[in-house]
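Asker: Okay, so here is upload.csv, and as you'll see once you scroll down, it has CSV, C-alpha atoms.
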```
chain,number,residue,atom,x,y,z
F,20,MET,CA,240.6,94.7,141.7
F,21,ALA,CA,241.0,98.5,142.5
F,22,SER,CA,244.1,100.5,141.6
F,23,GLU,CA,245.3,104.1,141.7
F,24,THR,CA,244.1,104.5,138.2
F,25,SER,CA,240.5,103.6,139.1
F,26,THR,CA,237.8,106.3,138.7
F,27,ILE,CA,235.9,107.0,141.9
F,28,ALA,CA,232.4,108.5,141.9
F,29,ILE,CA,231.2,110.2,145.0
F,30,ALA,CA,227.4,109.5,144.9
F,31,GLY,CA,226.2,112.3,147.1
F,32,ALA,CA,228.3,115.4,147.5
F,33,GLY,CA,227.3,116.4,151.0
F,34,SER,CA,229.5,116.9,154.0
F,35,ILE,CA,230.9,113.4,154.1
F,36,GLY,CA,231.1,113.0,150.3
F,37,CYS,CA,232.9,116.3,149.9
F,38,TYR,CA,235.5,115.5,152.6
F,39,VAL,CA,236.1,112.0,151.4
F,40,GLY,CA,236.2,113.0,147.7
F,41,GLY,CA,238.3,116.0,148.5
F,42,CYS,CA,241.0,114.0,150.2
F,43,LEU,CA,241.0,111.5,147.4
F,44,ALA,CA,241.3,114.2,144.7
F,45,LEU,CA,244.1,115.9,146.7
F,46,ALA,CA,246.0,112.5,146.6
F,47,GLY,CA,245.7,112.4,142.8
F,48,ARG,CA,242.9,110.0,142.6
F,49,LYS,CA,240.5,110.4,139.7
F,50,VAL,CA,237.3,111.6,141.3
F,51,VAL,CA,233.9,112.7,140.0
F,52,PHE,CA,231.4,114.3,142.4
F,53,LEU,CA,227.6,113.7,141.9
F,54,GLY,CA,225.6,116.2,143.8
F,55,ARG,CA,222.8,118.8,143.9
F,56,GLY,CA,222.9,122.0,141.9
F,57,GLY,CA,224.1,124.4,144.5
F,58,VAL,CA,227.0,122.3,145.6
F,59,VAL,CA,228.0,121.4,142.1
F,60,GLU,CA,227.9,125.0,141.0
F,61,ALA,CA,230.0,126.1,143.9
F,62,MET,CA,232.6,123.4,143.2
F,63,ARG,CA,232.7,124.3,139.5
F,64,GLU,CA,233.3,127.9,140.3
F,65,SER,CA,235.7,127.9,143.2
F,66,GLY,CA,236.7,124.3,143.9
F,67,LEU,CA,236.7,122.8,147.4
F,68,ARG,CA,238.4,123.5,150.7
F,69,VAL,CA,239.3,120.4,152.8
F,70,SER,CA,240.5,120.8,156.4
F,71,ASP,CA,240.6,118.8,159.5
F,72,LEU,CA,241.1,118.7,163.3
F,73,ASP,CA,244.8,117.8,162.8
F,74,GLY,CA,245.6,121.1,161.1
F,75,ARG,CA,245.5,120.3,157.4
F,76,ASP,CA,243.8,123.0,155.3
F,77,ARG,CA,244.0,122.3,151.6
F,78,ARG,CA,242.3,123.4,148.4
F,79,VAL,CA,241.0,121.3,145.6
F,80,GLU,CA,241.1,123.6,142.6
F,81,ALA,CA,238.0,123.5,140.4
F,82,ARG,CA,240.0,122.1,137.4
F,83,ALA,CA,241.4,119.2,139.6
F,84,SER,CA,238.1,117.4,139.9
F,85,SER,CA,234.8,116.9,138.1
F,86,ALA,CA,231.4,117.9,139.7
F,87,THR,CA,228.0,117.2,138.1
F,88,ASP,CA,224.4,116.9,139.0
F,89,ASP,CA,223.9,114.4,136.1
F,90,PRO,CA,224.2,110.7,137.0
F,91,ALA,CA,224.7,109.9,133.3
F,92,GLU,CA,228.0,111.9,133.5
F,93,ALA,CA,229.2,110.7,136.9
F,94,LEU,CA,228.4,107.0,137.0
F,95,PRO,CA,229.1,105.2,133.7
F,96,ASP,CA,232.9,105.4,133.9
F,97,ALA,CA,233.2,104.8,137.6
F,98,ASP,CA,235.2,101.7,138.8
F,99,VAL,CA,234.2,102.5,142.4
F,100,ILE,CA,231.0,104.2,143.6
F,101,LEU,CA,231.0,105.6,147.1
F,102,VAL,CA,227.4,106.1,148.2
F,103,THR,CA,227.3,109.0,150.7
F,104,VAL,CA,223.7,110.2,150.5
F,105,LYS,CA,221.4,110.3,153.5
F,106,SER,CA,219.4,107.1,154.2
F,107,GLY,CA,216.2,108.5,152.8
F,108,ALA,CA,217.9,108.8,149.4
F,109,THR,CA,219.3,105.3,149.3
F,110,ALA,CA,216.6,103.9,147.1
F,111,GLU,CA,216.8,106.8,144.6
F,112,MET,CA,220.6,106.5,144.4
F,113,ALA,CA,220.3,102.7,143.9
F,114,GLY,CA,218.0,103.3,141.0
F,115,LEU,CA,220.5,105.8,139.4
F,116,ILE,CA,223.4,103.3,139.9
F,117,ALA,CA,221.3,100.5,138.3
F,118,ALA,CA,220.5,102.8,135.3
F,119,HIS,CA,223.9,104.4,134.8
F,120,GLY,CA,226.6,102.5,136.7
F,121,ARG,CA,228.8,99.7,135.2
F,122,PRO,CA,227.7,96.2,136.3
F,123,ASP,CA,231.3,95.5,137.4
F,124,ALA,CA,231.7,98.7,139.5
F,125,VAL,CA,232.3,98.2,143.2
F,126,VAL,CA,229.6,100.0,145.2
F,127,VAL,CA,230.5,101.0,148.8
F,128,SER,CA,227.9,102.4,151.3
F,129,LEU,CA,229.5,105.0,153.5
F,130,GLN,CA,226.2,105.8,155.3
F,131,ASN,CA,224.8,105.8,158.8
F,132,GLY,CA,222.6,103.0,160.2
F,133,VAL,CA,222.8,99.3,159.7
F,134,ASP,CA,220.5,98.7,156.7
F,135,ASN,CA,221.7,100.8,153.8
F,136,ALA,CA,224.2,98.4,152.3
F,137,ASP,CA,221.6,95.7,152.4
F,138,ARG,CA,219.1,98.0,150.7
F,139,LEU,CA,221.7,98.7,148.0
F,140,ARG,CA,222.3,94.9,147.5
F,141,ALA,CA,218.6,94.2,147.2
F,142,ALA,CA,218.2,97.0,144.6
F,143,LEU,CA,221.4,96.0,142.7
F,144,PRO,CA,221.3,92.2,142.3
F,145,GLY,CA,224.5,90.7,141.0
F,146,ARG,CA,226.6,93.7,141.7
F,147,ARG,CA,229.4,94.0,144.3
F,148,VAL,CA,228.1,96.1,147.2
F,149,LEU,CA,230.3,96.6,150.2
F,150,THR,CA,229.5,97.9,153.7
F,151,GLY,CA,231.4,100.9,154.9
F,152,MET,CA,231.3,103.2,157.9
F,153,VAL,CA,232.7,106.7,158.5
F,154,MET,CA,233.8,107.0,162.1
F,155,PHE,CA,234.3,110.8,162.1
F,156,ASN,CA,232.2,114.0,162.0
F,157,VAL,CA,232.4,116.4,159.1
F,158,VAL,CA,231.2,120.1,159.2
F,159,GLN,CA,230.3,121.8,156.0
F,160,SER,CA,230.7,125.6,155.5
F,161,PRO,CA,227.6,127.8,155.8
F,162,ASP,CA,225.6,128.4,152.6
F,163,GLY,CA,227.3,131.1,150.5
F,164,GLU,CA,230.8,130.7,151.8
F,165,THR,CA,233.4,130.2,149.1
F,166,PRO,CA,235.1,128.0,148.4
F,167,LEU,CA,232.8,125.3,149.8
F,168,ARG,CA,234.5,123.8,152.8
F,169,ALA,CA,234.4,120.3,154.3
F,170,HIS,CA,236.0,120.1,157.7
F,171,ARG,CA,236.7,116.8,159.6
F,172,ALA,CA,235.8,117.9,163.1
F,173,SER,CA,236.7,114.7,165.1
F,174,GLN,CA,239.1,111.8,165.0
F,175,GLY,CA,238.4,108.5,163.3
F,176,GLU,CA,238.8,106.5,160.1
F,177,VAL,CA,236.8,104.9,157.4
F,178,MET,CA,236.1,101.1,157.7
F,179,ILE,CA,235.1,99.0,154.7
F,180,ASP,CA,234.4,95.3,154.0
F,181,ASP,CA,237.5,93.3,153.3
F,182,GLY,CA,237.5,91.3,150.0
F,183,VAL,CA,238.3,93.7,147.1
F,184,ASP,CA,242.0,93.7,146.3
F,185,GLY,CA,243.5,97.1,146.4
F,186,LEU,CA,240.4,99.0,147.5
F,187,ALA,CA,241.6,100.0,150.9
F,188,GLY,CA,244.9,101.1,149.4
F,189,LEU,CA,243.1,103.1,146.8
F,190,LEU,CA,241.0,105.0,149.4
F,191,ASP,CA,243.6,105.3,152.2
F,192,VAL,CA,245.2,108.7,151.5
F,193,ASP,CA,246.5,111.7,153.5
F,194,GLY,CA,243.7,112.9,155.8
F,195,LEU,CA,241.6,109.8,155.2
F,196,ALA,CA,242.6,106.6,157.0
F,197,VAL,CA,240.9,103.5,155.6
F,198,GLU,CA,240.8,100.1,157.2
F,199,ALA,CA,239.4,96.9,155.7
F,200,ARG,CA,237.6,94.6,158.1
F,201,ALA,CA,235.9,91.3,158.0
F,202,ASP,CA,233.3,92.2,160.7
F,203,MET,CA,231.5,95.2,159.2
F,204,LYS,CA,228.0,94.3,160.4
F,205,ALA,CA,229.4,94.3,164.0
F,206,VAL,CA,231.1,97.6,163.3
F,207,GLN,CA,227.8,99.1,162.1
F,208,TRP,CA,226.0,98.1,165.3
F,209,SER,CA,228.9,99.5,167.4
F,210,LYS,CA,228.9,102.8,165.5
F,211,LEU,CA,225.1,103.0,165.9
F,212,LEU,CA,225.6,103.1,169.7
F,213,MET,CA,227.5,106.4,169.4
F,214,ASN,CA,225.2,107.7,166.6
F,215,LEU,CA,222.4,107.6,169.1
F,216,ASN,CA,223.9,110.9,170.4
F,217,ASN,CA,223.1,112.6,167.0
F,218,ALA,CA,219.5,113.2,168.1
F,219,LEU,CA,220.6,114.6,171.5
F,220,VAL,CA,222.9,117.1,169.8
F,221,ALA,CA,219.9,118.1,167.6
F,222,LEU,CA,217.5,118.4,170.4
F,223,SER,CA,219.9,120.3,172.7
F,224,ASP,CA,221.1,122.7,170.0
F,225,LEU,CA,224.5,122.5,171.6
F,226,PRO,CA,227.9,121.9,169.9
F,227,LEU,CA,228.9,118.3,170.2
F,228,ALA,CA,231.9,118.9,172.4
F,229,ARG,CA,229.8,121.0,174.9
F,230,GLN,CA,227.0,118.4,174.9
F,231,LEU,CA,229.3,115.5,175.5
F,232,ALA,CA,231.0,117.3,178.3
F,233,ASP,CA,227.7,117.6,180.2
F,234,ARG,CA,226.9,114.6,182.3
F,235,SER,CA,223.2,115.4,182.2
F,236,TRP,CA,223.2,114.7,178.5
F,237,ARG,CA,225.6,111.7,178.8
F,238,VAL,CA,223.3,110.0,181.2
F,239,ILE,CA,220.5,110.1,178.6
F,240,LEU,CA,222.9,108.7,176.0
F,241,ALA,CA,224.0,106.0,178.4
F,242,ALA,CA,220.3,105.0,178.9
F,243,GLU,CA,219.8,104.8,175.1
F,244,ILE,CA,222.9,102.7,174.7
F,245,ASP,CA,221.8,100.4,177.6
F,246,GLU,CA,218.5,99.8,175.8
F,247,ALA,CA,220.3,99.1,172.5
F,248,LEU,CA,222.8,96.7,174.1
F,249,ALA,CA,220.0,94.8,175.7
F,250,ALA,CA,218.2,94.4,172.4
F,251,MET,CA,221.4,93.4,170.7
F,252,ARG,CA,222.1,90.7,173.3
F,253,ALA,CA,218.6,89.3,172.9
F,254,ALA,CA,219.1,89.2,169.2
F,255,GLY,CA,222.5,87.6,169.4
F,256,ILE,CA,224.3,90.6,168.0
F,257,ALA,CA,227.8,91.4,169.3
F,258,PRO,CA,228.9,94.9,168.5
F,259,ALA,CA,232.6,95.3,167.5
F,260,ARG,CA,235.2,97.1,169.6
F,261,ILE,CA,236.0,100.1,167.5
F,262,THR,CA,237.1,102.6,170.2
F,263,GLY,CA,239.4,102.1,173.2
F,264,LEU,CA,236.5,100.7,175.2
F,265,PRO,CA,234.4,97.5,174.8
F,266,PRO,CA,230.9,98.6,173.9
F,267,ALA,CA,229.5,97.1,177.1
F,268,LEU,CA,231.4,99.6,179.1
F,269,LEU,CA,230.3,102.7,177.3
F,270,PRO,CA,227.2,103.4,179.5
F,271,LYS,CA,229.4,103.2,182.7
F,272,VAL,CA,232.0,105.6,181.3
F,273,LEU,CA,229.3,108.0,180.1
F,274,ARG,CA,227.8,108.2,183.6
F,275,LEU,CA,231.1,109.2,185.2
F,276,PRO,CA,231.4,112.6,186.8
F,277,ASP,CA,232.5,115.3,184.2
F,278,TRP,CA,236.0,115.6,185.6
F,279,LEU,CA,236.7,111.9,185.4
F,280,PHE,CA,235.0,111.5,182.1
F,281,GLY,CA,237.2,114.2,180.7
F,282,LEU,CA,240.3,112.3,181.8
F,283,LEU,CA,239.3,108.9,180.6
F,284,ALA,CA,237.6,109.9,177.3
F,285,ARG,CA,240.0,112.4,175.8
F,286,ARG,CA,239.8,110.9,172.4
F,287,MET,CA,236.0,111.0,172.5
F,288,LEU,CA,236.2,114.7,173.4
F,289,ALA,CA,238.8,115.6,170.8
F,290,ILE,CA,236.2,117.4,168.8
F,291,ASP,CA,236.3,120.8,167.0
F,292,PRO,CA,234.1,123.2,169.0
F,293,ARG,CA,232.1,123.9,165.8
F,294,ALA,CA,231.1,120.3,165.3
F,295,ARG,CA,227.4,119.4,165.5
F,296,SER,CA,225.6,116.4,164.2
F,297,SER,CA,224.1,115.7,160.8
F,298,MET,CA,220.7,115.5,162.5
F,299,TRP,CA,221.1,119.0,163.9
F,300,ASP,CA,221.9,120.2,160.4
F,301,ASP,CA,218.8,118.5,159.1
F,302,LEU,CA,216.5,120.2,161.6
F,303,LYS,CA,218.3,123.5,160.9
F,304,ARG,CA,217.5,123.2,157.2
F,305,GLY,CA,214.0,121.8,157.7
F,306,ARG,CA,214.9,118.4,156.1
F,307,PRO,CA,213.9,114.9,157.2
F,308,THR,CA,216.3,113.3,159.7
F,309,GLU,CA,217.8,109.8,159.9
F,310,ILE,CA,216.0,109.1,163.2
F,311,ASP,CA,214.5,105.9,161.6
F,312,GLU,CA,217.9,104.6,160.8
F,313,LEU,CA,219.4,105.3,164.3
F,314,GLN,CA,216.9,105.2,167.2
F,315,GLY,CA,214.4,103.5,164.9
F,316,ALA,CA,216.8,100.6,164.3
F,317,VAL,CA,217.1,100.0,168.0
F,318,ILE,CA,213.3,100.2,168.5
F,319,ARG,CA,212.7,97.7,165.6
F,320,LEU,CA,215.2,95.3,167.0
F,321,ALA,CA,213.8,95.6,170.5
F,322,ARG,CA,210.3,94.9,169.3
F,323,ARG,CA,211.4,91.6,167.7
F,324,THR,CA,213.2,90.5,170.9
F,325,GLY,CA,210.8,91.9,173.5
F,326,ALA,CA,213.3,94.4,175.0
F,327,PRO,CA,211.9,97.8,176.3
F,328,THR,CA,213.1,101.0,174.7
F,329,PRO,CA,211.3,103.9,176.5
F,330,VAL,CA,214.2,106.4,176.2
F,331,ASN,CA,214.9,105.7,172.5
F,332,GLU,CA,211.1,106.0,171.9
F,333,ARG,CA,210.9,109.4,173.7
F,334,VAL,CA,213.9,110.8,171.8
F,335,THR,CA,212.4,109.6,168.6
F,336,ALA,CA,209.1,111.3,169.4
F,337,LEU,CA,210.8,114.6,170.2
F,338,VAL,CA,212.8,114.6,167.0
F,339,ARG,CA,209.6,113.8,165.0
F,340,GLN,CA,207.9,116.8,166.7
F,341,ALA,CA,210.9,119.0,165.8
F,342,GLU,CA,210.7,117.8,162.2
F,343,ALA,CA,207.0,118.6,162.0
F,344,VAL,CA,207.1,122.1,163.3
F,345,LYS,CA,210.2,123.0,161.1
F,346,CYS,CA,211.5,125.6,163.6
F,347,GLY,CA,215.0,124.2,163.7
F,348,PRO,CA,216.8,122.5,166.7
F,349,PRO,CA,214.5,123.1,169.7
F,350,GLY,CA,217.1,123.7,172.3
F,351,LEU,CA,215.6,121.4,174.9
F,352,ARG,CA,216.9,120.9,178.4
F,353,PRO,CA,218.1,117.4,179.3
F,354,GLU,CA,215.3,116.9,181.9
F,355,VAL,CA,212.8,117.5,179.1
F,356,VAL,CA,214.3,114.9,176.9
F,357,SER,CA,214.7,112.3,179.7
F,358,GLY,CA,211.1,112.9,180.9
F,359,GLY,CA,212.2,114.0,184.4
F,360,PRO,CA,215.2,114.0,186.7
F,361,ARG,CA,217.5,110.9,186.2
F,362,SER,CA,219.7,109.4,188.7
F,363,ALA,CA,223.1,107.7,188.1
```
Can I see the file as structure tokens?
Answerer:
Amino acid sequence: MASETSTIAIAGAGSIGCYVGGCLALAGRKVVFLGRGGVVEAMRESGLRVSDLDGRDRRVEARASSATDDPAEALPDADVILVTVKSGATAEMAGLIAAHGRPDAVVVSLQNGVDNADRLRAALPGRRVLTGMVMFNVVQSPDGETPLRAHRASQGEVMIDDGVDGLAGLLDVDGLAVEARADMKAVQWSKLLMNLNNALVALSDLPLARQLADRSWRVILAAEIDEALAAMRAAGIAPARITGLPPALLPKVLRLPDWLFGLLARRMLAIDPRARSSMWDDLKRGRPTEIDELQGAVIRLARRTGAPTPVNERVTALVRQAEAVKCGPPGLRPEVVSGGPRSA
């Protein structure tokens, strides 16, 4: 059982980890951040700034939370461990939790993709590992800006597995809406559909709001989602309804003319103009992306069911190429990404 006196470890003080942990610290929760040296140093010196699309702009003073790069300091006393590292670091973080975390700590994966919670469970046998999903975008301040800032740049909440008494209440604080659900695997597959756009933001080098407002890009996203839905149907997977639209209608809405899409998808377009995607940030910083957890998950599922995925495969190849050359987001035109003119 979780309560307001529980200690919460943020296992990965990146964009999502800083925002989630910052909101929790501002609500008086006992929070310890586990992160890399630069982030930890910045938080120790000047704290953390937490802002959002709704107008909140708050400061977590350095003395109000604990930040460390040492898992032996962050994990042993934690009642709840929120895993917010990128997918490529899941195995490493699982090893740290196994070595330093309490056996009775509740571990919650707040990561992209559909496999990370399962990986944590496999690496942490006998421990309570829950699936979670962050439904919003977070933008982190540029390197060198003080205090370090985590800005929620779109609407949305956090969804977690139901089953641990008091956990949703512990995490549900001002600026961070948390909902417990019994269908988290279906939620993950539904979120994956929209996360297929992360790669298009990265390849286009456009802010998320501008990219989504352009039908040429939305048509490509719709084609990716069509392929994903076909693979899910063949595999017997029914994605959850987590937005105003049933998942099956997403491709049709995305293909609407810009003016009509703008009217019908106001919530989808309620995005800070600075918002990009985490994959854009990865290419900008020359880091590996999560393409294997997003488009890759669709391709793997499709291969098991015999469904074709030419658009997802092309997008994956282009991201792989951008990763290899390490020149940042390539700024491609939509016709380059689609492989030629696309009709409605």
Asker: Compare F:Gly74, F:Gly41, F:Gly315, F:Gly194 by their minimum atom-to-atom distance to F:Ile27, counting all atoms listed in the file, and give me the closest one.
Answerer: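 That would be F:Gly41, the residue with the smallest distance to F:Ile27.
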Asker: So the first atom is atom CA of F:Leu101 and the second is atom CA of F:Leu320; what is the distance between them in Å, to one decimal place?
Answerer: 27.4 Å
Asker: Which residues, written as a JSON list (two decimals) with C-alpha atoms, in the coordinates of the input, have at least one atom at most 6 Å from stretch 51-59 of chain F, with only C-alpha atoms counted and residues fewer than 5 positions away on the same chain left out?
Answerer:
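Final file, part22.json:
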```json
[["chain", "number", "residue", "atom", "x", "y", "z"],
["F", 28, "ALA", "CA", 232.40, 108.50, 141.90],
["F", 29, "ILE", "CA", 231.20, 110.20, 145.00],
["F", 30, "ALA", "CA", 227.40, 109.50, 144.90],
["F", 31, "GLY", "CA", 226.20, 112.30, 147.10],
["F", 32, "ALA", "CA", 228.30, 115.40, 147.50],
["F", 85, "SER", "CA", 234.80, 116.90, 138.10],
["F", 86, "ALA", "CA", 231.40, 117.90, 139.70],
["F", 87, "THR", "CA", 228.00, 117.20, 138.10],
["F", 88, "ASP", "CA", 224.40, 116.90, 139.00],
["F", 93, "ALA", "CA", 229.20, 110.70, 136.90]]
```
Asker: If you measure from atom CA of F:Pro353 to atom CA of F:Thr335, what distance in Å do you get, rounded to one decimal?
Answerer: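 Going from atom CA of F:Pro353 over to atom CA of F:Thr335, I get 14.4 Å.
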Asker: At what distance in Å, to one decimal, does atom CA of F:Ala169 lie from atom CA of F:Asp71?
Answerer: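 Answer for the atom CA of F:Asp71 to atom CA of F:Ala169 separation: 8.2 Å.
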Asker: Out of F:Leu240, F:Leu337, F:Ala259, F:Ala250, which residue has the shortest atom-to-atom distance to F:Arg319 when counting all atoms listed in the file?
Answerer: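 Closest candidate: F:Ala250.
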Asker: For the point (222.8, 102.1, 159.9) in the file's frame, write as a JSON list (two decimals) with C-alpha atoms, in the frame of the given file all residues with an atom no more than 12 Å away, counting all atoms listed in the file.
Answerer:
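Here's the written file point20.json:
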```
[["chain", "number", "residue", "atom", "x", "y", "z"],
["F", 105, "LYS", "CA", 221.40, 110.30, 153.50],
["F", 106, "SER", "CA", 219.40, 107.10, 154.20],
["F", 107, "GLY", "CA", 216.20, 108.50, 152.80],
["F", 109, "THR", "CA", 219.30, 105.30, 149.30],
["F", 128, "SER", "CA", 227.90, 102.40, 151.30],
["F", 129, "LEU", "CA", 229.50, 105.00, 153.50],
["F", 130, "GLN", "CA", 226.20, 105.80, 155.30],
["F", 131, "ASN", "CA", 224.80, 105.80, 158.80],
["F", 132, "GLY", "CA", 222.60, 103.00, 160.20],
["F", 133, "VAL", "CA", 222.80, 99.30, 159.70],
["F", 134, "ASP", "CA", 220.50, 98.70, 156.70],
["F", 135, "ASN", "CA", 221.70, 100.80, 153.80],
["F", 136, "ALA", "CA", 224.20, 98.40, 152.30],
["F", 137, "ASP", "CA", 221.60, 95.70, 152.40],
["F", 138, "ARG", "CA", 219.10, 98.00, 150.70],
["F", 150, "THR", "CA", 229.50, 97.90, 153.70],
["F", 151, "GLY", "CA", 231.40, 100.90, 154.90],
["F", 152, "MET", "CA", 231.30, 103.20, 157.90],
["F", 153, "VAL", "CA", 232.70, 106.70, 158.50],
["F", 203, "MET", "CA", 231.50, 95.20, 159.20],
["F", 204, "LYS", "CA", 228.00, 94.30, 160.40],
["F", 205, "ALA", "CA", 229.40, 94.30, 164.00],
["F", 206, "VAL", "CA", 231.10, 97.60, 163.30],
["F", 207, "GLN", "CA", 227.80, 99.10, 162.10],
["F", 208, "TRP", "CA", 226.00, 98.10, 165.30],
["F", 209, "SER", "CA", 228.90, 99.50, 167.40],
["F", 210, "LYS", "CA", 228.90, 102.80, 165.50],
["F", 211, "LEU", "CA", 225.10, 103.00, 165.90],
["F", 212, "LEU", "CA", 225.60, 103.10, 169.70],
["F", 213, "MET", "CA", 227.50, 106.40, 169.40],
["F", 214, "ASN", "CA", 225.20, 107.70, 166.60],
["F", 215, "LEU", "CA", 222.40, 107.60, 169.10],
["F", 309, "GLU", "CA", 217.80, 109.80, 159.90],
["F", 310, "ILE", "CA", 216.00, 109.10, 163.20],
["F", 311, "ASP", "CA", 214.50, 105.90, 161.60],
["F", 312, "GLU", "CA", 217.90, 104.60, 160.80],
["F", 313, "LEU", "CA", 219.40, 105.30, 164.30],
["F", 314, "GLN", "CA", 216.90, 105.20, 167.20],
["F", 315, "GLY", "CA", 214.40, 103.50, 164.90],
["F", 316, "ALA", "CA", 216.80, 100.60, 164.30],
["F", 317, "VAL", "CA", 217.10, 100.00, 168.00]]
```
Asker: Using all atoms listed in the file for the distances, tell me which of F:Leu143, F:Ala199, F:Leu167, F:Ala341 is nearest to F:Ala61.
Answerer: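 The shortest atom-to-atom distance to F:Ala61 comes from F:Leu167.
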Asker: Give me the residues within 7 Å of F:His170 as a ChimeraX atom specification, counting only C-alpha atoms and dropping any in the same chain fewer than 2 places off.
Answerer: /F:38,69-71,157-159,168,172
Asker: Scan for residues within 12 Å of the point (226.6, 108.0, 177.9) in the coordinates of the file, using all atoms listed in the file, and reply as a ChimeraX atom specification.
Answerer: /F:212-216,219,230-246,266-277,280,284,287,363
Asker: Can those selected residues be exported to a file as a tab-separated table (two decimals), in the frame of the given file so that it contains C-alpha atoms?
Answerer:
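Saved as result05.tsv:
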```
chain	number	residue	atom	x	y	z
F	212	LEU	CA	225.60	103.10	169.70
F	213	MET	CA	227.50	106.40	169.40
F	214	ASN	CA	225.20	107.70	166.60
F	215	LEU	CA	222.40	107.60	169.10
F	216	ASN	CA	223.90	110.90	170.40
F	219	LEU	CA	220.60	114.60	171.50
F	230	GLN	CA	227.00	118.40	174.90
F	231	LEU	CA	229.30	115.50	175.50
F	232	ALA	CA	231.00	117.30	178.30
F	233	ASP	CA	227.70	117.60	180.20
F	234	ARG	CA	226.90	114.60	182.30
F	235	SER	CA	223.20	115.40	182.20
F	236	TRP	CA	223.20	114.70	178.50
F	237	ARG	CA	225.60	111.70	178.80
F	238	VAL	CA	223.30	110.00	181.20
F	239	ILE	CA	220.50	110.10	178.60
F	240	LEU	CA	222.90	108.70	176.00
F	241	ALA	CA	224.00	106.00	178.40
F	242	ALA	CA	220.30	105.00	178.90
F	243	GLU	CA	219.80	104.80	175.10
F	244	ILE	CA	222.90	102.70	174.70
F	245	ASP	CA	221.80	100.40	177.60
F	246	GLU	CA	218.50	99.80	175.80
F	266	PRO	CA	230.90	98.60	173.90
F	267	ALA	CA	229.50	97.10	177.10
F	268	LEU	CA	231.40	99.60	179.10
F	269	LEU	CA	230.30	102.70	177.30
F	270	PRO	CA	227.20	103.40	179.50
F	271	LYS	CA	229.40	103.20	182.70
F	272	VAL	CA	232.00	105.60	181.30
F	273	LEU	CA	229.30	108.00	180.10
F	274	ARG	CA	227.80	108.20	183.60
F	275	LEU	CA	231.10	109.20	185.20
F	276	PRO	CA	231.40	112.60	186.80
F	277	ASP	CA	232.50	115.30	184.20
F	280	PHE	CA	235.00	111.50	182.10
F	284	ALA	CA	237.60	109.90	177.30
F	287	MET	CA	236.00	111.00	172.50
F	363	ALA	CA	223.10	107.70	188.10
```
Asker: Counting all atoms listed in the file, which residue out of F:Ala141, F:Pro161, F:Leu264, F:Arg295 sits closest to F:Leu283?
Answerer: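 Comparing F:Ala141, F:Pro161, F:Leu264, F:Arg295 against F:Leu283, the winner is F:Leu264.
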Asker: Please determine, counting all atoms listed in the file, which residue among F:Thr328, F:Asn217, F:Gln174, F:Ser160 has the shortest atom-to-atom distance to F:Ser297.
Answerer: F:Asn217
Asker: Which of these, F:Ile261, F:Val356, F:Ala83, F:Ala218, has the shortest distance to F:Glu176 once you count only C-alpha atoms?
Answerer: F:Ile261
Asker: Mind checking which residues fall within 9 Å of F:Thr26, counting only C-alpha atoms, ignoring those fewer than 3 positions away in the same chain, and posting them as an MDAnalysis selection string?
Answerer: chainID F and resid 23 48:51 96:100
Asker: Show which residues sit within 12 Å of F:Gly358, as a list in words. Count all atoms listed in the file, and ignore same-chain residues fewer than 5 positions away.
Answerer: Ile239, Pro329, Val330, Asn331, Glu332, Arg333, Val334, Ala336, Leu337, Leu351, Arg352 and Pro353 of chain F
Asker: Next, dump the selected residues to file, keeping only C-alpha atoms, as a PDB file, keeping the file's coordinate frame.
Answerer:
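Writing the result to result.pdb gives the following:
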```pdb
ATOM      1  CA  ILE F 239     220.500 110.100 178.600  1.00  0.00           C
ATOM      2  CA  PRO F 329     211.300 103.900 176.500  1.00  0.00           C
ATOM      3  CA  VAL F 330     214.200 106.400 176.200  1.00  0.00           C
ATOM      4  CA  ASN F 331     214.900 105.700 172.500  1.00  0.00           C
ATOM      5  CA  GLU F 332     211.100 106.000 171.900  1.00  0.00           C
ATOM      6  CA  ARG F 333     210.900 109.400 173.700  1.00  0.00           C
ATOM      7  CA  VAL F 334     213.900 110.800 171.800  1.00  0.00           C
ATOM      8  CA  ALA F 336     209.100 111.300 169.400  1.00  0.00           C
ATOM      9  CA  LEU F 337     210.800 114.600 170.200  1.00  0.00           C
ATOM     10  CA  LEU F 351     215.600 121.400 174.900  1.00  0.00           C
ATOM     11  CA  ARG F 352     216.900 120.900 178.400  1.00  0.00           C
ATOM     12  CA  PRO F 353     218.100 117.400 179.300  1.00  0.00           C
TER      13      PRO F 353
END
```
Asker: Could you list, as a PyMOL selection string, every residue within 9 Å of F:Asp181, counting only C-alpha atoms and ignoring same-chain residues fewer than 5 positions away?
Answerer: chain F and resi 149+186-187+198-203
